[in-house]
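Working notes for the structure below.
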Amino acid sequence: MTARIRPHSGAPYARIMSVGSYRPERVVTNAEVCERIDSTDEWIRERSGIVERRYAAPDETVVDLSVAAAEKALAGAGITADQVGFVLVATVTHPYQTPSAASEVAYRLGAVNAAATDISSACAGFCYGLAMAQDLVRGGSADYVIVVGVEKLTDWIDLDDRATAFIFADGAGAVVVGPSDEPAIGPVVWGSDGSQHDAICMTQSLIDYRDNGGPRFPTLSMQGQQVFRWAVSNGSLTAQQALDRAGVTADDLDAFIPHQANMRITDAMIRALKLPEHVPVARDIETTGNTSAASIPIAMDRMLSTGEVPHGGTALLIGFGAGLAYAAQVVTLP
Amino acid sequence: MSQEILDGLAVIVNEVAGVPVADIQPDKSFIDDLDIDSLSMVEVVMAAEDKWGVKIPDSEVKNLRTVGDAVAYIEKSTA
């Protein structure tokens, strides 16, 4: 016979309780990047809006960066590590096939009761993780979830490639998601378009590198114009759908926090969205570079800590990148 | 050459890149004369696609060297 399984359910809603970030210490200027590529400070600023970025130390790992950001988020949430039921780490730069970065992050945080796994959705990874965290809390599978967005992209880019070297950088951001009596994370609008899987990809697989060698270890490559076009057209559409599904208008927003891909993409997206001028826009890329999965929580932390946006304000988040994968949602800021 | 498409394109280029409308003439090169970089060019193309309901694939964009090239392509696509 089929035994009746006891039903279970979680919190009515979920919210972001806190955010923390870690920007590595070493500042790398455009001038330093241009020591290895044929470019100029002016060209880089014009094409990307990046003035400087942060590089992790050679011995700093993806796990180290994650723990540094997650410890701050945990402290901000006012919960203890053993209350955490799940640790999600969004990253594409953890240099091991297994085990996950998340398992080690959970262990080092003291999250002894947490399940843990990694999310491989590149620059959309944080928004993917946030949507999953909300469902874990509302579904009753975890009381509290830590979502980390982290990258050490400097290990996986070609510092001699003038198309990508100036864009990418290292960093980590984390949030704690927990129960809420009021809706505070809107419905996610997300997807992936595998037909464009080669728009942002690795130059070769590690197996090909092992078997065929060749001069170059696999690194990230990107079709800039193709990605730009997709990000602006798909991104503005997705962002608008996230607003519509949350029942919020652009006029209601206290912040627009898109993935910090390129200042030009952000500007084009603002135009396409017809975002009102009074809405503050994350422009953290200027001093942090593109940190893929980490960029949204790092930018969120900065906007809150500088007072540019209010705690409890309403923000539109959108991540988009390799896959091509994308996800957007409206949230109440911690 | 369609004056109407030229005028429409001039408005788009002006909005995307701030180039004065009067400077946007058929013989002008987007890159060399109007200082439109590759990313702005993508934005111009996207706006043109919306306005005239045409498709301008990435592979075609690099062939549109001058304003006249773009007008001719849009004219041909809408014919």
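Numbering starts fresh at 1 for the residues of each chain in the structure tokens, the chains themselves are lettered A, B, ... in the order given, and ligands are numbered from 1 as they appear.
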Counting only C-alpha atoms, which residues of chain B come no farther than 8 Å from chain A, as an mmCIF file with N, CA and C atoms, in the first residue's frame?
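Written file, out17.cif:
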data_model
loop_
_atom_site.group_PDB
_atom_site.id
_atom_site.type_symbol
_atom_site.label_atom_id
_atom_site.label_comp_id
_atom_site.auth_asym_id
_atom_site.auth_seq_id
_atom_site.Cartn_x
_atom_site.Cartn_y
_atom_site.Cartn_z
ATOM 1 N N SER B 38 31.995 49.855 -31.353
ATOM 2 C CA SER B 38 31.270 48.617 -31.691
ATOM 3 C C SER B 38 30.017 48.429 -30.831
ATOM 4 N N LEU B 39 30.092 48.835 -29.559
ATOM 5 C CA LEU B 39 28.934 48.639 -28.689
ATOM 6 C C LEU B 39 27.806 49.614 -29.042
ATOM 7 N N VAL B 42 25.989 48.362 -31.998
ATOM 8 C CA VAL B 42 24.992 47.333 -31.687
ATOM 9 C C VAL B 42 23.685 47.996 -31.238
ATOM 10 N N GLU B 43 23.811 49.044 -30.442
ATOM 11 C CA GLU B 43 22.604 49.746 -29.982
ATOM 12 C C GLU B 43 21.861 50.414 -31.143
ATOM 13 N N MET B 46 20.075 47.661 -33.001
ATOM 14 C CA MET B 46 18.878 47.185 -32.280
ATOM 15 C C MET B 46 17.715 48.173 -32.418
ATOM 16 N N ASP B 58 24.440 39.922 -36.444
ATOM 17 C CA ASP B 58 25.782 40.380 -36.074
ATOM 18 C C ASP B 58 26.758 40.247 -37.239
#
Write out as a PyMOL selection string which residues come within 12 Å of Ile44 of chain A when counting only C-alpha atoms, dropping same-chain ones fewer than 3 positions away.
chain A and resi 29-34+37-41+47-53+162-167+262-264+286+289
Tell me, as a PyMOL selection string, which residues lie within 12 Å of Asp23 of chain B, counting only C-alpha atoms; anything in the same chain fewer than 2 positions away does not count.
chain B and resi 6-7+9-11+13-14+18-21+25-30+33-35+67
Could those selected residues go to a file with N, CA and C atoms, as a PDB file, in the first residue's frame?
ATOM      1  N   LEU B   6      17.060  57.648 -43.887  1.00  0.00           N
ATOM      2  CA  LEU B   6      18.236  58.426 -43.461  1.00  0.00           C
ATOM      3  C   LEU B   6      17.879  59.304 -42.254  1.00  0.00           C
ATOM      4  N   ASP B   7      16.751  59.991 -42.342  1.00  0.00           N
ATOM      5  CA  ASP B   7      16.335  60.874 -41.241  1.00  0.00           C
ATOM      6  C   ASP B   7      16.089  60.068 -39.958  1.00  0.00           C
ATOM      7  N   LEU B   9      17.340  57.165 -39.167  1.00  0.00           N
ATOM      8  CA  LEU B   9      18.611  56.635 -38.665  1.00  0.00           C
ATOM      9  C   LEU B   9      19.403  57.738 -37.947  1.00  0.00           C
ATOM     10  N   ALA B  10      19.319  58.943 -38.494  1.00  0.00           N
ATOM     11  CA  ALA B  10      20.030  60.066 -37.880  1.00  0.00           C
ATOM     12  C   ALA B  10      19.514  60.312 -36.462  1.00  0.00           C
ATOM     13  N   VAL B  11      18.205  60.201 -36.298  1.00  0.00           N
ATOM     14  CA  VAL B  11      17.617  60.401 -34.967  1.00  0.00           C
ATOM     15  C   VAL B  11      18.136  59.323 -34.005  1.00  0.00           C
ATOM     16  N   VAL B  13      20.974  57.497 -34.229  1.00  0.00           N
ATOM     17  CA  VAL B  13      22.409  57.681 -33.940  1.00  0.00           C
ATOM     18  C   VAL B  13      22.602  58.841 -32.965  1.00  0.00           C
ATOM     19  N   ASN B  14      21.803  59.864 -33.132  1.00  0.00           N
ATOM     20  CA  ASN B  14      21.867  61.000 -32.219  1.00  0.00           C
ATOM     21  C   ASN B  14      21.493  60.585 -30.800  1.00  0.00           C
ATOM     22  N   GLY B  18      24.825  60.665 -29.273  1.00  0.00           N
ATOM     23  CA  GLY B  18      24.915  62.116 -29.119  1.00  0.00           C
ATOM     24  C   GLY B  18      25.561  62.842 -30.300  1.00  0.00           C
ATOM     25  N   VAL B  19      25.656  62.169 -31.444  1.00  0.00           N
ATOM     26  CA  VAL B  19      26.217  62.820 -32.637  1.00  0.00           C
ATOM     27  C   VAL B  19      25.165  63.778 -33.208  1.00  0.00           C
ATOM     28  N   PRO B  20      25.553  65.051 -33.538  1.00  0.00           N
ATOM     29  CA  PRO B  20      24.571  65.990 -34.097  1.00  0.00           C
ATOM     30  C   PRO B  20      23.917  65.414 -35.366  1.00  0.00           C
ATOM     31  N   VAL B  21      22.593  65.569 -35.454  1.00  0.00           N
ATOM     32  CA  VAL B  21      21.828  64.997 -36.574  1.00  0.00           C
ATOM     33  C   VAL B  21      22.397  65.448 -37.919  1.00  0.00           C
ATOM     34  N   GLN B  25      25.446  61.904 -42.382  1.00  0.00           N
ATOM     35  CA  GLN B  25      25.241  61.930 -43.835  1.00  0.00           C
ATOM     36  C   GLN B  25      25.654  60.582 -44.430  1.00  0.00           C
ATOM     37  N   PRO B  26      25.089  60.247 -45.628  1.00  0.00           N
ATOM     38  CA  PRO B  26      25.335  58.922 -46.220  1.00  0.00           C
ATOM     39  C   PRO B  26      26.807  58.553 -46.381  1.00  0.00           C
ATOM     40  N   ASP B  27      27.673  59.517 -46.662  1.00  0.00           N
ATOM     41  CA  ASP B  27      29.073  59.172 -46.926  1.00  0.00           C
ATOM     42  C   ASP B  27      29.901  59.025 -45.646  1.00  0.00           C
ATOM     43  N   LYS B  28      29.299  59.279 -44.498  1.00  0.00           N
ATOM     44  CA  LYS B  28      30.071  59.235 -43.246  1.00  0.00           C
ATOM     45  C   LYS B  28      30.252  57.797 -42.743  1.00  0.00           C
ATOM     46  N   SER B  29      31.474  57.509 -42.330  1.00  0.00           N
ATOM     47  CA  SER B  29      31.771  56.198 -41.729  1.00  0.00           C
ATOM     48  C   SER B  29      31.386  56.241 -40.245  1.00  0.00           C
ATOM     49  N   PHE B  30      30.692  55.198 -39.792  1.00  0.00           N
ATOM     50  CA  PHE B  30      30.281  55.161 -38.386  1.00  0.00           C
ATOM     51  C   PHE B  30      31.489  55.265 -37.456  1.00  0.00           C
ATOM     52  N   ASP B  33      34.323  58.553 -38.932  1.00  0.00           N
ATOM     53  CA  ASP B  33      33.831  59.931 -38.971  1.00  0.00           C
ATOM     54  C   ASP B  33      32.944  60.279 -37.778  1.00  0.00           C
ATOM     55  N   LEU B  34      32.107  59.328 -37.372  1.00  0.00           N
ATOM     56  CA  LEU B  34      31.123  59.639 -36.332  1.00  0.00           C
ATOM     57  C   LEU B  34      31.547  59.139 -34.953  1.00  0.00           C
ATOM     58  N   ASP B  35      32.695  58.418 -34.909  1.00  0.00           N
ATOM     59  CA  ASP B  35      33.232  57.946 -33.627  1.00  0.00           C
ATOM     60  C   ASP B  35      32.252  57.025 -32.885  1.00  0.00           C
ATOM     61  N   VAL B  67      26.964  55.302 -43.115  1.00  0.00           N
ATOM     62  CA  VAL B  67      25.541  55.557 -42.892  1.00  0.00           C
ATOM     63  C   VAL B  67      24.748  55.114 -44.128  1.00  0.00           C
TER      64      VAL B  67
END
Name the residues in contact with Ala131 of chain A at a cut-off of 12 Å, using only C-alpha atoms, excluding same-chain residues fewer than 5 positions from it; report them as JSON, numbers by chain.
{"A": [13, 14, 15, 16, 88, 119, 124, 125, 126, 136, 137, 138, 139, 145, 147, 177, 184, 185, 186, 187, 188, 189, 190, 317, 318, 319, 326, 327, 328, 329, 330, 331]}
If we count only C-alpha atoms and set the cut-off at 8 Å, which residues sit around Cys201 of chain A, ignoring sequence neighbours fewer than 6 positions away in its own chain? Please answer as a VMD selection string.
chain A and resid 220 to 222 322
Go ahead and compute the interatomic distance for atom CA of Ile36 of chain B and atom CA of Ala17 of chain B, in Å to one decimal.
6.9 Å
I'd like the interatomic distance between atom CA of Val27 of chain A and atom CA of Ala68 of chain A, to a tenth of an Å.
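These two atoms are separated by 17.7 Å.
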Pick from A:Leu253, A:Ala142, A:Val62, A:Ala325 nearest to Gln196 of chain A, counting only C-alpha atoms
A:Ala325
Check chain B with DSSP on the backbone and list each residue it calls alpha helix (DSSP H), as a VMD selection string.
chain B and resid 3 to 17 38 to 52 58 to 61 67 to 78
Those in segment 28-172 of chain A with strand (DSSP E) from DSSP, as a VMD selection string
chain A and resid 28 to 29 52 to 55 84 to 90 115 to 119 144 to 152 170 to 172
Selected residues written out, C-alpha atoms, as a PDB file, in the first residue's frame:
ATOM      1  CA  VAL A  28      44.642  46.769  -9.994  1.00  0.00           C
ATOM      2  CA  THR A  29      44.530  49.890 -12.142  1.00  0.00           C
ATOM      3  CA  GLU A  52      40.126  49.762 -11.291  1.00  0.00           C
ATOM      4  CA  ARG A  53      39.354  46.268 -10.030  1.00  0.00           C
ATOM      5  CA  ARG A  54      40.418  43.922  -7.234  1.00  0.00           C
ATOM      6  CA  TYR A  55      42.526  40.783  -7.600  1.00  0.00           C
ATOM      7  CA  VAL A  84      21.669  27.539   8.710  1.00  0.00           C
ATOM      8  CA  GLY A  85      19.907  24.774   6.784  1.00  0.00           C
ATOM      9  CA  PHE A  86      21.492  25.246   3.371  1.00  0.00           C
ATOM     10  CA  VAL A  87      24.572  26.864   1.873  1.00  0.00           C
ATOM     11  CA  LEU A  88      24.369  27.687  -1.839  1.00  0.00           C
ATOM     12  CA  VAL A  89      27.526  28.887  -3.539  1.00  0.00           C
ATOM     13  CA  ALA A  90      27.160  30.389  -7.008  1.00  0.00           C
ATOM     14  CA  ALA A 115      23.178  20.897   3.240  1.00  0.00           C
ATOM     15  CA  ALA A 116      25.436  22.473   0.666  1.00  0.00           C
ATOM     16  CA  THR A 117      25.896  22.681  -3.077  1.00  0.00           C
ATOM     17  CA  ASP A 118      27.276  24.879  -5.837  1.00  0.00           C
ATOM     18  CA  ILE A 119      25.354  26.608  -8.610  1.00  0.00           C
ATOM     19  CA  TYR A 144      17.846  29.863   6.900  1.00  0.00           C
ATOM     20  CA  VAL A 145      19.886  29.761   3.701  1.00  0.00           C
ATOM     21  CA  ILE A 146      23.214  31.386   2.946  1.00  0.00           C
ATOM     22  CA  VAL A 147      23.596  32.362  -0.711  1.00  0.00           C
ATOM     23  CA  VAL A 148      27.127  33.227  -1.770  1.00  0.00           C
ATOM     24  CA  GLY A 149      28.150  34.682  -5.125  1.00  0.00           C
ATOM     25  CA  VAL A 150      31.896  34.317  -5.540  1.00  0.00           C
ATOM     26  CA  GLU A 151      34.508  34.321  -8.281  1.00  0.00           C
ATOM     27  CA  LYS A 152      38.239  34.241  -8.617  1.00  0.00           C
ATOM     28  CA  ASP A 170      37.726  38.684  -8.062  1.00  0.00           C
ATOM     29  CA  GLY A 171      35.340  39.070  -5.124  1.00  0.00           C
ATOM     30  CA  ALA A 172      32.528  37.613  -3.052  1.00  0.00           C
TER      31      ALA A 172
END
Return the single residue from A:Met269, A:Tyr107, A:Arg36, A:Ala57 that is closest to Leu159 of chain A, with distances computed using only C-alpha atoms.
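Among the listed residues, A:Arg36 lies closest to Leu159 of chain A.
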